[in-house]
Amino acid sequence: MLRSNCCRLLLSLVVLAMGFKVQATDEVYDVVVYGGTSGGIAAALQVKRIGGSVVVIEPTKRIGGLTTGGLGQTDIGNKAAIGGVSIEFYQRIRKHYSDEASWKWQPRESYRSGGQSVTAQAEAAMWTFEPSAALKVLESMARDAGVPIVYGERLDRSPTKTAAHVQPFNRDPLGSASAAVDSAPHERAPQSVAVKQVSNAAFITTTGVTKDRARITTIKMESGKVVKGRVFIDATYEGDLMAAAGVSYTVGREANATYKETLSGVQVANSKHHQLVPSVDPYVKPGDPSSGLLPGIDPKGPGEEGAADARVQAYCFRMCVTDHPENRIPFAKPEGYDERLYELGLRNFEAGEKRIPWSNSSMPNRKTDINNNFGFSTDFIGENYSYPEASYAERAAIIARHLKYQQGLLWTWANHPRVPEHVRKEIGRWGMCKDEFTSGNGWQEQLYIREARRMVGAYVMTQHNCQGRVTAERPIGLAAYTMDSHNVQRYVDKNGHARNEGDVQVGGFAPFPIDYGSITPQQSECDNLFVPVCLSASHMAFGSIRMEPVFMVLGQSAATAAMLSIEAKSPIQTVDYAKLRERLLADKQVLIWTGPKPAAATGIEVKSLPGLVIDDEAAERTGFETSAATVGPFVGSGYRHDSDMNKGECSARFRFKLAAAGKYEVRVAYPPNPNRASTVPVTIKHASGSTTVKLDQKKKPTQGAFEPIGTFDFAAGEAVIEITNKDTTGHVILDAVQLLPVARN
């Protein structure tokens with residue numbers, strides 16, 4: 001008895017040293033959440049609301065992940081798709097800013113949010129915010145619910161003598177790992193590219209995870225602290241707990257053939273967005289391949305179109321900057337600044353890029369959320385491939401390189417004489433915030449991990465789910481964003497020019513349900529672990545799902561299912577979905593989309609059209625670098641626009657070769673929208689001179705995708721139609737021009 005009491009006392013002291021709020025030394029938490037991201041905190045809140053015991057283990061000193069780490073311009077797609085704890089957070093943000101004391105650097109009435117996150121007058125939620133405000137709100141929600149949070153503890157990922165045998169697939173970015181494709185991929189997950197498998201021997205201990213067959217019993221931190229749980233939730237962006245538990249996962253892009261998709265794998269043809277200006281020289285010594293490639297250009301790229309690779313879409317820091325002189329820290333040249341890292345960007349300016357190369361979204365208190373934009377920006381393309389599998393030390397080095405790159409980039413934009421003057425002037429008036437991320441002089445620790453590991457679980461979400469061809473039968477929440485991937489690599493094209501590859505942006509679909517099986521591993525691998533962040537999805541489906549509000553939704557749903565599995569004493573894969581659905585709906589989760597469902601934007605083949613047609617891809621362009629395929633119908637694979645910027649500087653010439661003189665009707669194609677320009681100048685150079693017509697692109701074209709703008713006589717030889725954005729307000733669209741011969745009377 002004495003020995004038992006001594007042991008109990010010793011264990012109590014160990015638990016207290018861990019900082020856990022527990023009552024007994026042998027306590028087993030109902031749910032252990034590893035990762036205090038927004039999704040992890042949402043999960044913990046739900047466990048407490050149901051009445052369970054929970055602990056959140058956050059490896060850093062700050063909860064919230066990207067939500068508190070600079071991503072204040074909430075990527076949402078459709079707000080009506082968000083419910084539960086997630087919408088509560090954004091409602092509390094609104095309440096926070098309803099207090100006049102929250103407005104230090106500008107009057108509340110002067111703030112206007114923009115973009116997709118605009119907040120309506122009567123809306124209860126608010127979707128744009130400062131990092132410090134998000135942290136304050138999320139911490140108060142956790143504190144009010146009594147959620148215990150342990151900071152600065154990392155999972156022990158080092159190999160142990162009892163570790164299960166791990167068989168890694170080829171990790172080369174161009175490697176094609178052997179992968180068996182299941183005949184029913186939406187019901188049973190295939191083992192796709194870069195999957196790691198771990199055998200399920202009894203009492204497996206794998207790098208900090210102890211399992212009894214398929215069940216995790218404890219996890220161990222690097223400090224040696226051990227935590228027991230009935231159910232575990234991996235809410236990290238990296239999927240470290242999932243990987244250590246022996247669950248199958250993938251890194252990189254599947255081949256299109258794996259799930260019969262069209263947007264995964266290498267995407268040269270679709271990489272029109274955020275593209276470098278044509279003709280940018282990639283070599284250290286311009287025109288001399290023997291001098292080597294500039295930094296960041298992959299000599300092995302781009303790879304076979306649609307094929308798998310292990311490359312990862314680019315990361316960056318979502319910066320919070322300000323133009324308020326009292327709160328502004330000017331951009332500084334970092335120690336070890338290397339101008340070579342920015343040479344490609346400088347050449348991109350010299351080749352004709354005139355746009356401000358960032359996305360600047362207004363946040364309260366004269367702050368902004370800065371994100372990557374256009375061909376050379378804050379994304380450190382190609383420098384993150386090893387991050388998902390890297391050790392903690394290696395990840396820290398990768399993050400440090402990203403930080404130095406981005407700090408140097410901002411200094412370059414603001415100061416370098418080869419940067420256009422108007423760009424230097426605009427960038428230079430901004431700076432980091434004195435009152436945000438104060439320990440980093442305005443810079444945060446949280447890198448934007450857009451994608452790392454992705455589980456290959458009981459159900460794999462794919463492009464077919466996004467576009468409505470396959471519908472999840474056990475919905476636990478909705479995704480509502482465009483299928484979005486940032487660029488993955490830079491390479492040299494057949495013309496010897498530098499190009500970006502991997503950026504895909506395809507939308508035009510309604511919010512779609514996420515299946516319960518996509519957050520659960522295959523039962524034989526682990527039956528008490530949820531993965532709501534690194535969930536089971538193809539590269540492109542993950543690109544639509546991977547939004548912070550959705551991670552909160554999935555975290556809450558995972559916690560609800562966890563408590564039901566504990567109650568039923570059953571594996572999480574066999575939870576009674578009817579009971580789960582009932583509880584989710586009671587907690588105001590949105591499971592089925594009942595709103596309007598837009599028709600998918602469609603393209604028209606140029607060859608199918610009568611007369612002479614030139615698509616935007618074949619036009620001679622200055623500017624008009626932003627591509628889209630969201631609104632249809634359009635000609636070819638999409639259209640271009642001027643982003644409602646650089647007015648008077650964008651032009652396109654459509655040059656037709658006419659074998660004989662004749663009369664032709666001129667038609668211009670464009671997908672209409674209220675945000676378009678209504679006075680787009682179209683100049684027709686004909687036999688009698690030239691005529692300029694003003695085209696209203698807000699109005700729906702009268703001839704399918706085309707609007708007739710007049711009939712003209714043309715001489716034999718060349719006929720030129722020119723479209724510019726001079727003296728316009730709104731987006732000017734560049735799609736196609738058509739000449740239809742008119743019979744003479």
# chains A, B, ... in the order shown; residues from 1 in each chain; ligands from 1
call {"tool": "residues_around", "arguments": {"residues": "Gly65 in chain A", "least_positions_apart": "3", "cutoff": "7 Å", "atoms": "only C-alpha atoms", "output": "number ranges by chain"}}
result
A: 37-38, 68-69, 446
call {"tool": "write_last_selection", "arguments": {"atoms": "C-alpha atoms", "output": "mmCIF file, in the first residue's frame"}}
result
data_model
loop_
_atom_site.group_PDB
_atom_site.id
_atom_site.type_symbol
_atom_site.label_atom_id
_atom_site.label_comp_id
_atom_site.auth_asym_id
_atom_site.auth_seq_id
_atom_site.Cartn_x
_atom_site.Cartn_y
_atom_site.Cartn_z
ATOM 1 C CA THR A 37 -4.769 25.366 -34.555
ATOM 2 C CA SER A 38 -8.205 26.890 -35.025
ATOM 3 C CA THR A 68 -4.147 34.155 -35.333
ATOM 4 C CA GLY A 69 -0.990 34.086 -37.458
ATOM 5 C CA GLN A 446 3.552 30.741 -38.139
#
call {"tool": "select_by_dssp", "arguments": {"residues": "range 485-608 of chain A", "states": "strand (DSSP E or B)", "output": "MDAnalysis selection string"}}
result
chainID A and resid 485 489:492 498:501 504:506 512:515 529:530 537 603:604
call {"tool": "residues_around", "arguments": {"residues": "Met141 in chain A", "least_positions_apart": "6", "cutoff": "10 Å", "atoms": "only C-alpha atoms", "output": "tab-separated table (two decimals) with N, CA and C atoms, in the first residue's frame"}}
result
chain	number	residue	atom	x	y	z
A	41	ILE	N	-8.67	23.93	-31.50
A	41	ILE	CA	-9.40	24.62	-30.43
A	41	ILE	C	-10.90	24.38	-30.58
A	42	ALA	N	-11.41	24.39	-31.80
A	42	ALA	CA	-12.84	24.10	-32.02
A	42	ALA	C	-13.18	22.70	-31.52
A	45	LEU	N	-13.29	22.74	-27.66
A	45	LEU	CA	-14.51	23.42	-27.18
A	45	LEU	C	-15.70	22.48	-27.25
A	85	VAL	N	-19.26	26.07	-34.02
A	85	VAL	CA	-18.22	26.82	-33.33
A	85	VAL	C	-17.55	27.81	-34.28
A	88	GLU	N	-19.45	30.93	-34.62
A	88	GLU	CA	-19.40	31.61	-33.33
A	88	GLU	C	-18.12	32.44	-33.21
A	89	PHE	N	-17.01	31.90	-33.68
A	89	PHE	CA	-15.76	32.64	-33.61
A	89	PHE	C	-15.88	33.95	-34.38
A	92	ARG	N	-17.95	36.44	-32.66
A	92	ARG	CA	-17.24	37.08	-31.54
A	92	ARG	C	-16.25	38.13	-32.06
A	135	LEU	N	-6.43	36.28	-31.73
A	135	LEU	CA	-5.86	35.57	-30.59
A	135	LEU	C	-6.65	35.85	-29.32
A	147	VAL	N	-10.96	25.01	-21.24
A	147	VAL	CA	-10.12	24.10	-22.02
A	147	VAL	C	-8.67	24.23	-21.55
call {"tool": "residues_around", "arguments": {"residues": "Ala498 in chain A", "least_positions_apart": "4", "cutoff": "12 Å", "atoms": "only C-alpha atoms", "output": "PDB file with N, CA and C atoms, in the first residue's frame"}}
result
ATOM      1  N   GLN A 275       1.427  34.181 -63.116  1.00  0.00           N
ATOM      2  CA  GLN A 275       2.468  33.732 -64.043  1.00  0.00           C
ATOM      3  C   GLN A 275       3.482  34.846 -64.303  1.00  0.00           C
ATOM      4  N   LEU A 276       4.711  34.443 -64.560  1.00  0.00           N
ATOM      5  CA  LEU A 276       5.746  35.390 -64.946  1.00  0.00           C
ATOM      6  C   LEU A 276       5.417  36.002 -66.304  1.00  0.00           C
ATOM      7  N   VAL A 277       5.904  37.220 -66.532  1.00  0.00           N
ATOM      8  CA  VAL A 277       5.756  37.849 -67.833  1.00  0.00           C
ATOM      9  C   VAL A 277       6.510  37.003 -68.858  1.00  0.00           C
ATOM     10  N   PRO A 278       5.967  36.825 -70.067  1.00  0.00           N
ATOM     11  CA  PRO A 278       6.700  36.058 -71.082  1.00  0.00           C
ATOM     12  C   PRO A 278       8.068  36.665 -71.365  1.00  0.00           C
ATOM     13  N   SER A 279       9.018  35.811 -71.678  1.00  0.00           N
ATOM     14  CA  SER A 279      10.375  36.169 -72.120  1.00  0.00           C
ATOM     15  C   SER A 279      11.343  36.491 -70.998  1.00  0.00           C
ATOM     16  N   VAL A 280      11.034  36.119 -69.741  1.00  0.00           N
ATOM     17  CA  VAL A 280      11.981  36.344 -68.646  1.00  0.00           C
ATOM     18  C   VAL A 280      13.105  35.316 -68.744  1.00  0.00           C
ATOM     19  N   ASP A 281      14.342  35.813 -68.813  1.00  0.00           N
ATOM     20  CA  ASP A 281      15.502  34.932 -68.984  1.00  0.00           C
ATOM     21  C   ASP A 281      15.821  34.219 -67.668  1.00  0.00           C
ATOM     22  N   PRO A 282      16.017  32.877 -67.690  1.00  0.00           N
ATOM     23  CA  PRO A 282      16.232  32.116 -66.454  1.00  0.00           C
ATOM     24  C   PRO A 282      17.690  31.922 -66.056  1.00  0.00           C
ATOM     25  N   TYR A 283      18.633  32.369 -66.884  1.00  0.00           N
ATOM     26  CA  TYR A 283      20.027  32.012 -66.659  1.00  0.00           C
ATOM     27  C   TYR A 283      20.784  33.092 -65.895  1.00  0.00           C
ATOM     28  N   VAL A 284      21.766  32.657 -65.116  1.00  0.00           N
ATOM     29  CA  VAL A 284      22.570  33.586 -64.324  1.00  0.00           C
ATOM     30  C   VAL A 284      23.137  34.675 -65.228  1.00  0.00           C
ATOM     31  N   PRO A 286      22.344  36.186 -68.671  1.00  0.00           N
ATOM     32  CA  PRO A 286      21.248  36.132 -69.647  1.00  0.00           C
ATOM     33  C   PRO A 286      21.697  35.576 -70.995  1.00  0.00           C
ATOM     34  N   GLY A 287      20.922  34.612 -71.471  1.00  0.00           N
ATOM     35  CA  GLY A 287      21.183  34.006 -72.765  1.00  0.00           C
ATOM     36  C   GLY A 287      22.240  32.927 -72.767  1.00  0.00           C
ATOM     37  N   LEU A 293      21.296  28.136 -63.804  1.00  0.00           N
ATOM     38  CA  LEU A 293      19.973  28.724 -63.604  1.00  0.00           C
ATOM     39  C   LEU A 293      19.962  29.642 -62.394  1.00  0.00           C
ATOM     40  N   LEU A 294      19.101  30.626 -62.442  1.00  0.00           N
ATOM     41  CA  LEU A 294      18.884  31.485 -61.289  1.00  0.00           C
ATOM     42  C   LEU A 294      18.292  30.677 -60.142  1.00  0.00           C
ATOM     43  N   PRO A 295      18.449  31.132 -58.891  1.00  0.00           N
ATOM     44  CA  PRO A 295      17.881  30.410 -57.750  1.00  0.00           C
ATOM     45  C   PRO A 295      16.373  30.205 -57.900  1.00  0.00           C
ATOM     46  N   GLY A 296      15.933  29.020 -57.475  1.00  0.00           N
ATOM     47  CA  GLY A 296      14.505  28.729 -57.453  1.00  0.00           C
ATOM     48  C   GLY A 296      13.958  28.108 -58.712  1.00  0.00           C
ATOM     49  N   ILE A 297      14.783  27.920 -59.738  1.00  0.00           N
ATOM     50  CA  ILE A 297      14.323  27.302 -60.977  1.00  0.00           C
ATOM     51  C   ILE A 297      14.760  25.845 -60.974  1.00  0.00           C
ATOM     52  N   ASP A 298      13.797  24.940 -61.131  1.00  0.00           N
ATOM     53  CA  ASP A 298      14.058  23.504 -61.012  1.00  0.00           C
ATOM     54  C   ASP A 298      14.572  22.955 -62.343  1.00  0.00           C
ATOM     55  N   PRO A 299      15.801  22.473 -62.389  1.00  0.00           N
ATOM     56  CA  PRO A 299      16.334  21.954 -63.650  1.00  0.00           C
ATOM     57  C   PRO A 299      15.645  20.680 -64.116  1.00  0.00           C
ATOM     58  N   GLY A 301      12.326  20.244 -63.951  1.00  0.00           N
ATOM     59  CA  GLY A 301      10.930  20.533 -64.252  1.00  0.00           C
ATOM     60  C   GLY A 301      10.642  20.604 -65.741  1.00  0.00           C
ATOM     61  N   PRO A 302       9.367  20.663 -66.117  1.00  0.00           N
ATOM     62  CA  PRO A 302       8.216  20.616 -65.214  1.00  0.00           C
ATOM     63  C   PRO A 302       7.680  19.211 -64.958  1.00  0.00           C
ATOM     64  N   GLU A 343      16.603  38.210 -58.363  1.00  0.00           N
ATOM     65  CA  GLU A 343      16.971  38.567 -59.733  1.00  0.00           C
ATOM     66  C   GLU A 343      15.859  38.226 -60.710  1.00  0.00           C
ATOM     67  N   LEU A 344      15.227  37.072 -60.552  1.00  0.00           N
ATOM     68  CA  LEU A 344      14.142  36.690 -61.452  1.00  0.00           C
ATOM     69  C   LEU A 344      13.000  37.694 -61.359  1.00  0.00           C
ATOM     70  N   GLY A 345      12.689  38.157 -60.148  1.00  0.00           N
ATOM     71  CA  GLY A 345      11.637  39.156 -59.978  1.00  0.00           C
ATOM     72  C   GLY A 345      12.009  40.485 -60.599  1.00  0.00           C
ATOM     73  N   ARG A 347      13.997  40.895 -63.161  1.00  0.00           N
ATOM     74  CA  ARG A 347      13.871  40.709 -64.613  1.00  0.00           C
ATOM     75  C   ARG A 347      12.404  40.679 -65.030  1.00  0.00           C
ATOM     76  N   ASN A 348      11.552  40.170 -64.163  1.00  0.00           N
ATOM     77  CA  ASN A 348      10.122  40.145 -64.461  1.00  0.00           C
ATOM     78  C   ASN A 348       9.580  41.573 -64.595  1.00  0.00           C
ATOM     79  N   ALA A 351      10.765  42.977 -67.851  1.00  0.00           N
ATOM     80  CA  ALA A 351      10.081  42.386 -69.004  1.00  0.00           C
ATOM     81  C   ALA A 351       8.677  42.953 -69.202  1.00  0.00           C
ATOM     82  N   GLY A 375       3.271  36.889 -60.619  1.00  0.00           N
ATOM     83  CA  GLY A 375       4.279  35.898 -60.983  1.00  0.00           C
ATOM     84  C   GLY A 375       5.451  35.751 -60.046  1.00  0.00           C
ATOM     85  N   PHE A 376       5.870  36.849 -59.388  1.00  0.00           N
ATOM     86  CA  PHE A 376       6.997  36.781 -58.454  1.00  0.00           C
ATOM     87  C   PHE A 376       6.601  37.576 -57.224  1.00  0.00           C
ATOM     88  N   GLN A 489       6.343  24.967 -58.733  1.00  0.00           N
ATOM     89  CA  GLN A 489       7.732  24.964 -59.209  1.00  0.00           C
ATOM     90  C   GLN A 489       7.942  26.068 -60.240  1.00  0.00           C
ATOM     91  N   ARG A 490       9.233  26.356 -60.485  1.00  0.00           N
ATOM     92  CA  ARG A 490       9.649  27.186 -61.621  1.00  0.00           C
ATOM     93  C   ARG A 490      10.531  26.323 -62.519  1.00  0.00           C
ATOM     94  N   TYR A 491      10.407  26.526 -63.834  1.00  0.00           N
ATOM     95  CA  TYR A 491      11.141  25.703 -64.778  1.00  0.00           C
ATOM     96  C   TYR A 491      11.466  26.533 -66.015  1.00  0.00           C
ATOM     97  N   VAL A 492      12.214  25.955 -66.943  1.00  0.00           N
ATOM     98  CA  VAL A 492      12.554  26.604 -68.205  1.00  0.00           C
ATOM     99  C   VAL A 492      11.713  25.969 -69.306  1.00  0.00           C
ATOM    100  N   ASP A 493      10.962  26.801 -70.043  1.00  0.00           N
ATOM    101  CA  ASP A 493      10.095  26.252 -71.090  1.00  0.00           C
ATOM    102  C   ASP A 493      10.882  26.010 -72.380  1.00  0.00           C
ATOM    103  N   LYS A 494      10.196  25.532 -73.395  1.00  0.00           N
ATOM    104  CA  LYS A 494      10.861  25.162 -74.655  1.00  0.00           C
ATOM    105  C   LYS A 494      11.481  26.363 -75.358  1.00  0.00           C
TER     106      LYS A 494
END
call {"tool": "closest_residue", "arguments": {"among": "A:His402, A:Arg253, A:Arg655, A:Lys588", "to": "Asp615 in chain A", "atoms": "only C-alpha atoms"}}
result
A:Arg655
call {"tool": "residues_around", "arguments": {"residues": "Glu389 in chain A", "least_positions_apart": "2", "cutoff": "10 Å", "atoms": "only C-alpha atoms", "output": "number ranges by chain"}}
result
A: 171, 238-240, 243, 251, 385-387, 391-392, 394-395, 452-453
call {"tool": "closest_residue", "arguments": {"among": "A:Arg340, A:Arg108, A:Arg581, A:Lys260", "to": "Arg94 in chain A", "atoms": "only C-alpha atoms"}}
result
A:Arg108
call {"tool": "closest_residue", "arguments": {"among": "A:Ala578, A:Val470, A:Met221, A:Ala480", "to": "Ile57 in chain A", "atoms": "only C-alpha atoms"}}
result
A:Met221
call {"tool": "atom_distance", "arguments": {"atom1": "CA of Val550 in chain A", "atom2": "CA of Thr482 in chain A"}}
result
13.1 Å
call {"tool": "decode", "arguments": {"residues": "range 624-652 of chain A", "atoms": "C-alpha atoms", "output": "short mmCIF file (atom, residue, chain, number, x, y, z; two decimals), in the first residue's frame"}}
result
data_model
loop_
_atom_site.label_atom_id
_atom_site.label_comp_id
_atom_site.auth_asym_id
_atom_site.auth_seq_id
_atom_site.Cartn_x
_atom_site.Cartn_y
_atom_site.Cartn_z
CA PHE A 624 -3.91 41.26 -69.10
CA GLU A 625 -1.84 38.68 -67.20
CA THR A 626 -4.55 37.52 -64.80
CA SER A 627 -6.41 34.45 -66.03
CA ALA A 628 -9.74 33.07 -64.88
CA ALA A 629 -12.32 30.44 -65.77
CA THR A 630 -14.95 31.14 -63.14
CA VAL A 631 -17.78 32.72 -65.14
CA GLY A 632 -18.97 31.20 -68.40
CA PRO A 633 -19.44 30.62 -71.16
CA PHE A 634 -16.01 31.51 -72.45
CA VAL A 635 -13.91 30.57 -75.45
CA GLY A 636 -11.12 28.04 -74.98
CA SER A 637 -9.87 27.23 -71.48
CA GLY A 638 -10.70 30.59 -69.90
CA TYR A 639 -10.23 34.33 -70.23
CA ARG A 640 -7.97 37.12 -68.99
CA HIS A 641 -8.61 40.41 -67.25
CA ASP A 642 -6.79 43.48 -65.98
CA SER A 643 -7.69 42.98 -62.29
CA ASP A 644 -9.23 46.47 -62.48
CA MET A 645 -5.70 47.87 -62.27
CA ASN A 646 -3.05 49.56 -64.40
CA LYS A 647 -5.61 51.51 -66.38
CA GLY A 648 -4.37 52.63 -69.77
CA GLU A 649 -1.47 50.17 -69.67
CA CYS A 650 -3.13 46.93 -70.82
CA SER A 651 -3.79 46.20 -74.48
CA ALA A 652 -4.29 43.23 -76.78
#
